[in-house]
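Structure file data_36.tsv; described as TSV, C-alpha atoms.
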```tsv
chain	number	residue	atom	x	y	z
X	1	MET	CA	-8.79	21.87	22.33
X	2	SER	CA	-12.20	21.06	20.94
X	3	ILE	CA	-13.06	19.97	17.45
X	4	THR	CA	-16.18	21.05	15.61
X	5	ALA	CA	-17.75	18.31	13.53
X	6	LEU	CA	-18.32	19.18	9.88
X	7	SER	CA	-21.91	19.74	8.88
X	8	PRO	CA	-23.23	16.97	6.66
X	9	PRO	CA	-23.67	17.83	2.98
X	10	SER	CA	-27.17	18.84	2.00
X	11	GLU	CA	-27.27	16.11	-0.62
X	12	MET	CA	-25.07	13.10	-1.24
X	13	HIS	CA	-25.60	11.11	-4.40
X	14	VAL	CA	-23.21	8.39	-5.52
X	15	GLU	CA	-23.72	6.13	-8.51
X	16	PHE	CA	-21.97	2.83	-8.98
X	17	HIS	CA	-22.14	0.99	-12.27
X	18	ILE	CA	-21.91	-2.58	-11.09
X	19	THR	CA	-22.46	-4.42	-14.37
X	20	PRO	CA	-19.04	-5.47	-15.66
X	21	PRO	CA	-18.15	-4.90	-19.30
X	22	THR	CA	-18.52	-7.91	-21.55
X	23	THR	CA	-15.55	-9.63	-23.06
X	24	GLU	CA	-15.30	-10.86	-26.63
X	25	SER	CA	-16.02	-14.59	-26.33
X	26	ASP	CA	-14.41	-16.07	-23.25
X	27	PRO	CA	-16.91	-17.35	-20.63
X	28	GLN	CA	-14.17	-17.97	-18.07
X	29	SER	CA	-12.87	-14.40	-18.42
X	30	GLU	CA	-16.42	-13.08	-18.10
X	31	GLN	CA	-16.90	-15.03	-14.89
X	32	ILE	CA	-13.59	-13.81	-13.48
X	33	LEU	CA	-14.43	-10.19	-14.30
X	34	PHE	CA	-17.94	-10.58	-12.90
X	35	VAL	CA	-16.51	-11.67	-9.53
X	36	ALA	CA	-13.97	-8.85	-9.57
X	37	PHE	CA	-16.51	-6.14	-10.32
X	38	HIS	CA	-18.95	-7.61	-7.82
X	39	VAL	CA	-16.38	-7.36	-5.02
X	40	LEU	CA	-15.15	-3.91	-6.04
X	41	SER	CA	-18.63	-2.41	-6.41
X	42	THR	CA	-19.75	-3.98	-3.12
X	43	GLU	CA	-16.82	-2.53	-1.21
X	44	ALA	CA	-17.22	0.87	-2.90
X	45	THR	CA	-20.86	0.91	-1.87
X	46	ALA	CA	-19.90	0.03	1.70
X	47	LEU	CA	-17.48	2.96	1.84
X	48	SER	CA	-20.18	5.29	0.53
X	49	HIS	CA	-22.50	3.96	3.23
X	50	LEU	CA	-19.81	4.63	5.86
X	51	SER	CA	-19.30	8.20	4.63
X	52	ARG	CA	-23.02	8.90	4.86
X	53	LEU	CA	-23.13	7.39	8.35
X	54	TYR	CA	-20.40	9.72	9.64
X	55	ALA	CA	-21.96	12.71	7.91
X	56	THR	CA	-25.47	12.21	9.29
X	57	GLU	CA	-25.52	10.03	12.42
X	58	PRO	CA	-24.66	11.67	15.79
X	59	VAL	CA	-23.37	8.42	17.31
X	60	ALA	CA	-20.81	8.21	14.50
X	61	HIS	CA	-19.53	11.76	14.12
X	62	THR	CA	-19.67	12.45	17.86
X	63	GLY	CA	-17.69	9.28	18.53
X	64	PHE	CA	-15.13	10.19	15.88
X	65	VAL	CA	-14.58	13.67	17.30
X	66	LYS	CA	-14.23	12.27	20.82
X	67	ALA	CA	-11.77	9.64	19.58
X	68	VAL	CA	-9.59	12.28	17.93
X	69	GLU	CA	-9.69	14.49	21.02
X	70	GLY	CA	-8.92	11.54	23.29
X	71	ILE	CA	-5.90	10.43	21.28
X	72	LYS	CA	-4.68	14.02	21.02
X	73	LEU	CA	-4.90	14.51	24.80
X	74	THR	CA	-3.11	11.21	25.42
X	75	LEU	CA	-0.20	12.11	23.16
X	76	GLU	CA	0.07	15.62	24.59
X	77	GLN	CA	0.34	14.10	28.09
X	78	GLY	CA	3.18	11.81	27.05
X	79	GLY	CA	1.03	8.71	26.66
X	80	LYS	CA	0.55	6.49	23.64
X	81	LEU	CA	-2.16	4.79	21.65
X	82	VAL	CA	-2.31	1.03	22.22
X	83	VAL	CA	-4.08	-0.79	19.39
X	84	ILE	CA	-5.54	-4.24	20.11
X	85	GLY	CA	-7.00	-6.75	17.68
X	86	VAL	CA	-6.81	-10.38	16.59
X	87	GLY	CA	-6.99	-12.07	13.19
X	88	LYS	CA	-7.72	-9.78	10.24
X	89	SER	CA	-8.63	-6.99	12.65
X	90	GLY	CA	-5.19	-7.38	14.18
X	91	ARG	CA	-3.58	-6.94	10.77
X	92	ILE	CA	-5.56	-3.75	10.28
X	93	GLY	CA	-4.39	-2.62	13.70
X	94	GLU	CA	-0.76	-3.25	12.81
X	95	LYS	CA	-1.10	-1.22	9.62
X	96	PHE	CA	-2.82	1.57	11.55
X	97	VAL	CA	0.03	1.66	14.07
X	98	SER	CA	2.56	1.96	11.24
X	99	THR	CA	0.62	4.85	9.73
X	100	MET	CA	0.34	6.63	13.07
X	101	ASN	CA	4.05	6.30	13.79
X	102	SER	CA	4.88	7.62	10.31
X	103	LEU	CA	2.83	10.68	11.23
X	104	GLY	CA	4.73	11.12	14.48
X	105	LEU	CA	1.88	9.79	16.64
X	106	GLN	CA	3.26	7.29	19.13
X	107	SER	CA	1.38	4.01	18.85
X	108	VAL	CA	2.00	0.35	19.58
X	109	PHE	CA	0.19	-2.87	18.73
X	110	LEU	CA	-0.78	-5.29	21.50
X	111	HIS	CA	-2.00	-8.80	20.72
X	112	PRO	CA	-4.76	-9.71	23.22
X	113	VAL	CA	-3.43	-13.22	23.89
X	114	GLU	CA	0.09	-11.94	24.53
X	115	ALA	CA	-1.44	-9.25	26.75
X	116	LEU	CA	-2.89	-11.97	28.98
X	117	HIS	CA	0.55	-13.52	29.23
X	118	GLY	CA	2.43	-10.50	30.51
X	119	ASP	CA	2.41	-7.90	27.73
X	120	LEU	CA	-0.37	-5.98	29.47
X	121	GLY	CA	2.48	-4.35	31.36
X	122	ILE	CA	2.98	-2.09	28.34
X	123	LEU	CA	0.06	0.08	29.53
X	124	ARG	CA	0.93	3.34	31.27
X	125	PRO	CA	-1.28	5.82	33.17
X	126	HIS	CA	-1.83	8.26	30.27
X	127	ASP	CA	-2.35	5.68	27.51
X	128	ILE	CA	-5.51	5.19	25.47
X	129	ILE	CA	-6.68	1.93	23.88
X	130	LEU	CA	-8.21	1.27	20.48
X	131	MET	CA	-9.86	-2.14	20.06
X	132	ILE	CA	-10.69	-3.30	16.53
X	133	THR	CA	-13.32	-6.04	16.22
X	134	TYR	CA	-16.01	-6.35	13.60
X	135	SER	CA	-18.24	-8.63	15.66
X	136	GLY	CA	-17.80	-6.73	18.90
X	137	ASN	CA	-17.77	-10.09	20.67
X	138	THR	CA	-14.28	-11.38	19.98
X	139	PRO	CA	-13.53	-13.85	22.82
X	140	GLU	CA	-9.90	-12.78	23.17
X	141	LEU	CA	-10.93	-9.15	23.70
X	142	LEU	CA	-13.72	-10.02	26.11
X	143	ALA	CA	-11.26	-12.11	28.14
X	144	LEU	CA	-8.85	-9.18	28.26
X	145	LEU	CA	-11.42	-6.52	29.19
X	146	PRO	CA	-11.57	-7.18	32.98
X	147	HIS	CA	-7.80	-6.83	33.25
X	148	ILE	CA	-7.58	-3.38	31.68
X	149	PRO	CA	-7.38	-0.63	34.33
X	150	ALA	CA	-10.70	1.20	34.58
X	151	HIS	CA	-9.08	4.62	34.19
X	152	VAL	CA	-7.67	3.80	30.74
X	153	PRO	CA	-9.94	5.28	28.01
X	154	ARG	CA	-11.07	2.86	25.30
X	155	ILE	CA	-12.07	3.36	21.70
X	156	VAL	CA	-13.91	0.45	20.06
X	157	LEU	CA	-13.99	0.25	16.26
X	158	THR	CA	-16.74	-2.25	15.47
X	159	SER	CA	-19.76	-2.96	13.29
X	160	HIS	CA	-22.13	-1.99	16.13
X	161	THR	CA	-23.89	1.35	15.93
X	162	ASN	CA	-25.28	1.26	19.47
X	163	TYR	CA	-23.35	1.28	22.75
X	164	ASN	CA	-25.76	-1.24	24.28
X	165	THR	CA	-25.31	-4.07	21.77
X	166	THR	CA	-21.75	-5.12	22.57
X	167	LYS	CA	-20.13	-5.93	25.91
X	168	LEU	CA	-17.03	-3.97	24.92
X	169	THR	CA	-18.95	-0.69	25.20
X	170	CYS	CA	-22.07	-1.26	27.30
X	171	SER	CA	-20.28	-2.15	30.54
X	172	TRP	CA	-17.78	0.71	30.64
X	173	SER	CA	-18.45	4.43	30.92
X	174	ASN	CA	-14.99	5.45	29.74
X	175	THR	CA	-15.55	4.13	26.21
X	176	ILE	CA	-15.93	5.70	22.76
X	177	LEU	CA	-17.75	3.90	19.96
X	178	LEU	CA	-16.52	4.11	16.36
X	179	PRO	CA	-19.16	2.31	14.28
X	180	ALA	CA	-17.96	0.61	11.09
X	181	PRO	CA	-20.93	-1.40	9.80
X	182	ILE	CA	-21.42	-2.84	6.33
X	183	PRO	CA	-24.73	-2.84	4.43
X	184	GLU	CA	-24.87	-6.61	4.08
X	185	ARG	CA	-23.09	-9.56	5.69
X	186	GLU	CA	-20.24	-10.95	3.58
X	187	GLU	CA	-21.69	-14.45	3.69
X	188	VAL	CA	-24.82	-13.13	2.03
X	189	THR	CA	-22.96	-11.00	-0.51
X	190	PHE	CA	-20.21	-13.42	-1.51
X	191	GLY	CA	-21.40	-16.77	-0.18
X	192	VAL	CA	-18.47	-16.99	2.25
X	193	PRO	CA	-17.94	-15.19	5.59
X	194	ALA	CA	-14.36	-14.24	4.74
X	195	PRO	CA	-13.50	-10.71	5.98
X	196	THR	CA	-13.56	-8.54	2.85
X	197	THR	CA	-15.99	-5.64	2.91
X	198	SER	CA	-15.72	-5.37	6.69
X	199	THR	CA	-11.92	-5.10	6.62
X	200	THR	CA	-12.06	-2.50	3.85
X	201	VAL	CA	-14.41	-0.35	5.92
X	202	ALA	CA	-12.33	-0.75	9.08
X	203	MET	CA	-9.13	0.11	7.21
X	204	ALA	CA	-10.67	3.23	5.70
X	205	LEU	CA	-12.02	4.44	9.04
X	206	SER	CA	-8.65	3.89	10.73
X	207	ASP	CA	-6.97	5.90	7.96
X	208	ALA	CA	-9.46	8.72	8.52
X	209	LEU	CA	-8.71	8.62	12.25
X	210	ALA	CA	-4.95	8.78	11.68
X	211	MET	CA	-5.18	11.73	9.31
X	212	ALA	CA	-7.58	13.64	11.56
X	213	VAL	CA	-5.41	13.19	14.66
X	214	SER	CA	-2.31	14.21	12.72
X	215	LYS	CA	-3.98	17.33	11.35
X	216	VAL	CA	-5.18	18.43	14.79
X	217	LEU	CA	-2.04	17.56	16.73
X	218	HIS	CA	0.47	19.04	14.27
X	219	GLY	CA	-1.47	22.23	13.63
X	220	GLY	CA	1.15	24.36	15.38
X	221	ASP	CA	4.17	22.22	14.56
X	222	GLY	CA	4.20	22.12	10.78
X	223	SER	CA	1.85	20.24	8.51
X	224	PRO	CA	1.37	16.46	8.73
X	225	GLY	CA	3.29	16.26	5.46
X	226	GLU	CA	6.38	17.80	7.04
X	227	VAL	CA	6.19	15.40	9.97
X	228	PHE	CA	5.68	12.45	7.61
X	229	LYS	CA	8.71	13.54	5.58
X	230	ARG	CA	10.92	13.53	8.67
X	231	ASN	CA	9.73	10.05	9.63
X	232	HIS	CA	9.83	8.52	6.13
X	233	PRO	CA	13.24	9.27	4.58
X	234	GLY	CA	13.48	5.89	2.86
X	235	GLY	CA	11.95	4.49	-0.32
X	236	VAL	CA	10.60	6.39	-3.29
X	237	ILE	CA	8.16	8.27	-0.99
X	238	GLY	CA	11.13	9.86	0.76
X	239	LEU	CA	12.86	10.56	-2.52
X	240	ASP	CA	9.78	12.10	-4.04
X	241	MET	CA	9.31	14.37	-1.04
X	242	GLY	CA	12.70	15.92	-1.64
X	243	ILE	CA	15.06	14.21	0.81
X	244	VAL	CA	18.37	16.01	0.26
X	245	GLY	CA	21.47	14.12	-0.93
X	246	VAL	CA	19.81	11.21	-2.73
X	247	THR	CA	20.16	10.96	-6.50
X	248	ILE	CA	18.96	8.62	-9.21
X	249	SER	CA	22.37	6.91	-9.11
X	250	ASP	CA	21.55	5.78	-5.58
X	251	LEU	CA	18.63	3.76	-6.96
X	252	ALA	CA	20.12	2.55	-10.24
X	253	ILE	CA	21.68	-0.91	-10.64
X	254	PRO	CA	25.38	-0.60	-11.64
X	255	LEU	CA	26.01	-2.10	-15.09
X	256	LYS	CA	29.10	-3.89	-13.82
X	257	GLU	CA	26.95	-5.87	-11.36
X	258	ILE	CA	24.47	-7.14	-13.96
X	259	PRO	CA	25.19	-10.73	-15.11
X	260	THR	CA	25.33	-11.96	-18.70
X	261	PRO	CA	23.72	-15.27	-19.79
X	262	PRO	CA	25.70	-17.95	-21.72
X	263	THR	CA	27.63	-16.51	-24.70
X	264	GLU	CA	29.03	-17.74	-27.98
X	265	SER	CA	32.48	-17.08	-29.42
X	266	SER	CA	33.01	-15.62	-32.85
X	267	ASP	CA	35.63	-16.89	-35.30
X	268	ASP	CA	38.15	-14.29	-34.19
X	269	GLY	CA	37.82	-15.37	-30.57
X	270	SER	CA	35.85	-12.36	-29.36
X	271	VAL	CA	32.90	-13.16	-27.16
X	272	LEU	CA	29.44	-12.09	-28.18
X	273	TRP	CA	25.89	-13.26	-27.85
X	274	SER	CA	24.81	-14.36	-31.31
X	275	PRO	CA	21.57	-12.80	-32.54
X	276	VAL	CA	20.44	-16.29	-33.53
X	277	ALA	CA	21.41	-17.96	-30.29
X	278	GLN	CA	18.49	-20.04	-29.04
X	279	VAL	CA	18.91	-19.22	-25.36
X	280	PRO	CA	15.46	-19.85	-23.83
X	281	VAL	CA	13.75	-17.27	-21.70
X	282	LEU	CA	13.65	-19.79	-18.86
X	283	ASP	CA	17.45	-19.70	-18.60
X	284	CYS	CA	17.28	-15.93	-18.42
X	285	LEU	CA	14.67	-16.09	-15.67
X	286	LEU	CA	16.78	-18.49	-13.62
X	287	LEU	CA	19.74	-16.13	-13.89
X	288	ALA	CA	17.63	-13.04	-13.24
X	289	VAL	CA	16.36	-14.31	-9.87
X	290	ARG	CA	19.98	-14.36	-8.70
X	291	SER	CA	20.71	-10.97	-10.20
X	292	ARG	CA	20.53	-7.74	-8.25
X	293	GLY	CA	17.22	-6.17	-9.20
X	294	GLY	CA	16.46	-8.91	-11.74
X	295	TRP	CA	18.42	-7.29	-14.59
X	296	LEU	CA	20.39	-9.07	-17.34
X	297	LYS	CA	22.77	-7.74	-19.99
X	298	THR	CA	24.26	-9.12	-23.17
X	299	ALA	CA	27.89	-9.07	-24.19
X	300	LYS	CA	26.90	-6.58	-26.87
X	301	GLY	CA	25.79	-4.07	-24.23
X	302	GLU	CA	22.04	-4.59	-24.49
X	303	VAL	CA	19.92	-5.11	-21.38
X	304	VAL	CA	16.83	-7.07	-20.39
X	305	SER	CA	14.76	-5.35	-17.70
X	306	PRO	CA	12.88	-7.12	-14.87
X	307	ARG	CA	9.40	-5.99	-15.89
X	308	LEU	CA	9.87	-7.24	-19.44
X	309	LEU	CA	10.95	-10.66	-18.17
X	310	GLN	CA	8.00	-10.84	-15.79
X	311	ARG	CA	5.53	-10.41	-18.65
X	312	VAL	CA	6.78	-13.44	-20.61
X	313	THR	CA	4.23	-16.25	-20.87
X	314	GLU	CA	6.25	-18.61	-23.10
X	315	PRO	CA	9.48	-19.37	-21.20
X	316	ALA	CA	10.61	-21.95	-23.79
X	317	MET	CA	10.96	-19.31	-26.52
X	318	SER	CA	14.32	-17.78	-27.41
X	319	PHE	CA	14.94	-14.58	-25.51
X	320	ARG	CA	15.96	-13.06	-28.87
X	321	ASN	CA	12.52	-13.61	-30.37
X	322	GLU	CA	11.48	-10.20	-31.69
X	323	GLU	CA	7.86	-10.78	-30.72
X	324	LEU	CA	8.88	-10.79	-27.05
X	325	GLY	CA	10.77	-7.51	-27.27
X	326	LEU	CA	12.99	-8.41	-24.32
X	327	VAL	CA	16.33	-7.07	-25.53
X	328	VAL	CA	16.71	-3.30	-25.22
X	329	PRO	CA	19.70	-1.80	-27.09
X	330	GLU	CA	21.45	1.30	-25.79
X	331	GLU	CA	19.91	3.57	-28.42
X	332	LYS	CA	16.51	2.98	-26.80
X	333	TRP	CA	17.65	3.93	-23.33
X	334	VAL	CA	16.72	7.32	-21.89
X	335	LYS	CA	19.85	8.81	-20.39
X	336	VAL	CA	19.89	11.20	-17.44
X	337	PRO	CA	22.72	12.63	-15.32
X	338	GLY	CA	23.58	10.40	-12.38
X	339	ASN	CA	23.42	13.32	-9.96
X	340	ALA	CA	19.83	14.21	-10.92
X	341	SER	CA	17.13	14.06	-8.26
X	342	ILE	CA	14.17	11.76	-8.79
X	343	ASP	CA	11.94	14.68	-9.75
X	344	GLU	CA	14.56	16.07	-12.14
X	345	ALA	CA	14.99	12.64	-13.71
X	346	ARG	CA	11.25	12.24	-14.28
X	347	ARG	CA	10.99	15.67	-15.93
X	348	SER	CA	13.99	14.93	-18.14
X	349	ILE	CA	12.55	11.57	-19.21
X	350	MET	CA	9.17	13.03	-20.11
X	351	ALA	CA	10.86	15.79	-22.12
X	352	THR	CA	13.27	13.59	-24.07
X	353	ARG	CA	11.36	10.39	-24.83
X	354	THR	CA	10.82	10.01	-28.55
X	355	GLU	CA	8.11	7.32	-28.54
X	356	ASP	CA	4.60	7.34	-27.16
X	357	PHE	CA	5.16	5.16	-24.11
X	358	THR	CA	2.17	4.55	-21.83
X	359	GLY	CA	1.09	2.04	-19.22
X	360	SER	CA	3.31	-1.02	-18.86
X	361	ARG	CA	5.60	0.16	-21.67
X	362	MET	CA	6.35	3.32	-19.73
X	363	GLU	CA	6.89	1.35	-16.52
X	364	SER	CA	9.55	-0.84	-18.20
X	365	LEU	CA	11.31	2.03	-19.99
X	366	VAL	CA	15.06	1.70	-19.42
X	367	VAL	CA	16.58	4.77	-17.78
X	368	ALA	CA	20.38	4.96	-17.86
X	369	THR	CA	22.44	7.02	-15.41
X	370	VAL	CA	25.39	8.87	-16.91
X	371	VAL	CA	28.51	9.90	-14.98
X	372	ASP	CA	31.44	11.63	-16.72
X	373	GLY	CA	29.88	10.90	-20.08
X	374	LYS	CA	29.60	7.16	-19.45
X	375	VAL	CA	26.59	5.00	-18.68
X	376	VAL	CA	27.18	3.44	-15.27
X	377	GLY	CA	23.78	2.15	-14.20
X	378	VAL	CA	20.20	1.41	-15.24
X	379	ILE	CA	16.77	1.57	-13.66
X	380	GLU	CA	13.23	1.13	-14.93
X	381	TYR	CA	11.00	4.20	-15.05
X	382	GLY	CA	8.47	2.32	-12.93
X	383	GLU	CA	10.94	2.41	-10.03
X	384	LEU	CA	10.80	6.22	-10.13
X	385	SER	CA	7.05	6.29	-9.75
X	386	VAL	CA	5.58	7.50	-6.44
X	387	ASP	CA	3.32	4.45	-6.47
X	388	GLY	CA	6.41	2.22	-6.21
X	389	ARG	CA	6.93	3.34	-2.59
```

Whole structure, structure tokens version:
Amino acid sequence: MSITALSPPSEMHVEFHITPPTTESDPQSEQILFVAFHVLSTEATALSHLSRLYATEPVAHTGFVKAVEGIKLTLEQGGKLVVIGVGKSGRIGEKFVSTMNSLGLQSVFLHPVEALHGDLGILRPHDIILMITYSGNTPELLALLPHIPAHVPRIVLTSHTNYNTTKLTCSWSNTILLPAPIPEREEVTFGVPAPTTSTTVAMALSDALAMAVSKVLHGGDGSPGEVFKRNHPGGVIGLDMGIVGVTISDLAIPLKEIPTPPTESSDDGSVLWSPVAQVPVLDCLLLAVRSRGGWLKTAKGEVVSPRLLQRVTEPAMSFRNEELGLVVPEEKWVKVPGNASIDEARRSIMATRTEDFTGSRMESLVVATVVDGKVVGVIEYGELSVDGR
């Protein structure tokens, strides 16, 4: 099966506003934000440069199409993709392998040093190799190269845009080049040669490769989304994609398992947590780290959620201090049926909330699961978000 490369757009214009907004009167904050915006705008520009490269340069889009076709053929013949890299490139390779396997595309990661000490035996006749190296001259990969069987196809993801400028591609005919350059060396941009922009570009290109292979290979066997769903039943991703049989109660923390901090006794002997009790937040934090999910509850039935505790900056203050807003009484909980799906729970919450919760307030909203008319568990709304994964 052949793949036709997309024609480049007639015009590509991207604007990046790289001057960070000013802060009120804090020089340190301004410096921090300047660094942050400098890094973000630099990496965004590098991704735009990469997109233009693959839209306009034959060596790039031809190499990408050949890489997709090569991986597709390998998988159809019962082979696998073997990803090789070291250092930060190795980490990118490991993430890429995880993404490929989630999409039903058999892949494994091979560390080049371990390969030289016996793991090279993982290679099989129909396999294909992807090497990730920004420099194109990584000693560990160059040392491994002579020991890779000549018939095994190789894809090299590197900063080089010419086959003749790196030994990993110039000496072998059975090689595909995937260029991933950056506009300016990181040492020049940031004053330190730490992999930043280069790893962002390599990660993005590997994601593009994974999605393209999945789309082509699964064209007649359901969409990539269906395959991904079958291979990712766990976590909020699986729940959000409609995995049958899982309800919000499966995620909620049972109330009976949530601990209560030190209490006081009233005159009649009943135990309650006095509204004026000066229990410091620090004590609550120490108890929360041993609590399932980081939740706490009071003897009066109130709860303290993990996200609220995490935002405290004055641990010596009383947890009851109204300025902190840590204690959430039951009347502020949003209650949903325990057998509701995640999507049903989210719709119910958005329809019944009475206050204008946004951002971090929405994330820490206490959602209570109700079974037989009784609250049995709690969970923060942020845990129901797809981004929680």

Rounded to one decimal, what separation in Å do you get between atom CA of Gly79 of chain X and atom CA of Leu105 of chain X? 10.1 Å

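Closest approach to Val113 of chain X among X:Leu157, X:Pro139, X:Arg346, X:Ile92: X:Pro139, based on all atoms listed in the file.
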
When you count only C-alpha atoms, which of these residues is closest to Val279 of chain X: X:Thr62, X:Thr166, X:Asn137, X:Ser318?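 Nearest candidate to Val279 of chain X out of X:Thr62, X:Thr166, X:Asn137, X:Ser318: X:Ser318.
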
Interatomic distance between atom CA of Arg290 of chain X and atom CA of Leu255 of chain X?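 About the pair atom CA of Arg290 of chain X and atom CA of Leu255 of chain X: they are 15.1 Å apart.
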
Considering all atoms listed in the file, can you say which of X:Val370, X:Ala212, X:Leu142, X:Val334 comes closest to Phe64 of chain X? X:Ala212

One decimal, in Å: what's the spacing between atom CA of Leu47 of chain X and atom CA of Ala204 of chain X?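 The value is 7.8 Å.
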
Pick out the residues sitting within 8 Å of Asn174 of chain X, and hand them over as JSON, numbers by chain; count all atoms listed in the file, and ignore anything fewer than 4 positions along from it in its own chain. {"X": [150, 151, 152, 153, 154]}

Which of X:Ile155, X:Met317, X:Leu40, X:Val65 sits closest to Val82 of chain X [using all atoms listed in the file]: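 Closest residue, counting all atoms listed in the file: X:Ile155.
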
Give me the residues near segment 293-299 of chain X as JSON, numbers by chain, where near means some atom within 6 Å (using only C-alpha atoms) and where sequence neighbours in that chain fewer than 4 positions away do not count. {"X": [258, 259, 260, 272, 273, 288, 289, 303, 304, 305, 306]}

Report as a VMD selection string all protein, DNA and RNA residues lying within 9 Å of Thr138 of chain X, evaluated on only C-alpha atoms, omitting residues in the same chain fewer than 4 positions from it. chain X and resid 85 to 86 133 to 134 142 to 143

Which residue of X:Pro146, X:Gly118, X:Pro27, X:Pro179 approaches Gly63 of chain X most closely, using all atoms listed in the file: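 Distance minimum relative to Gly63 of chain X lands on X:Pro179.
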
Which residue out of X:Cys170, X:Leu33, X:Ala368, X:Ala340 has the minimum interatomic distance to Val328 of chain X when all atoms listed in the file are used? X:Ala368

Skipping near chain neighbours, those fewer than 6 positions away, what residues fall within 6 Å of Asp127 of chain X using all atoms listed in the file, listed as a list in words?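 With the cut-off at 6 Å, the set is Thr74, Gly79, Lys80 and Leu81 of chain X.
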
Residue list as a list in words for point (15.6, 2.1, -12.9), cut-off 8 Å, all atoms listed in the file: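 The residues near that point, listed by chain and number, are Leu251, Ala252, Ile253, Val366, Val367, Ala368, Val378, Ile379, Glu380, Tyr381, Gly382, Glu383 and Leu384 of chain X.
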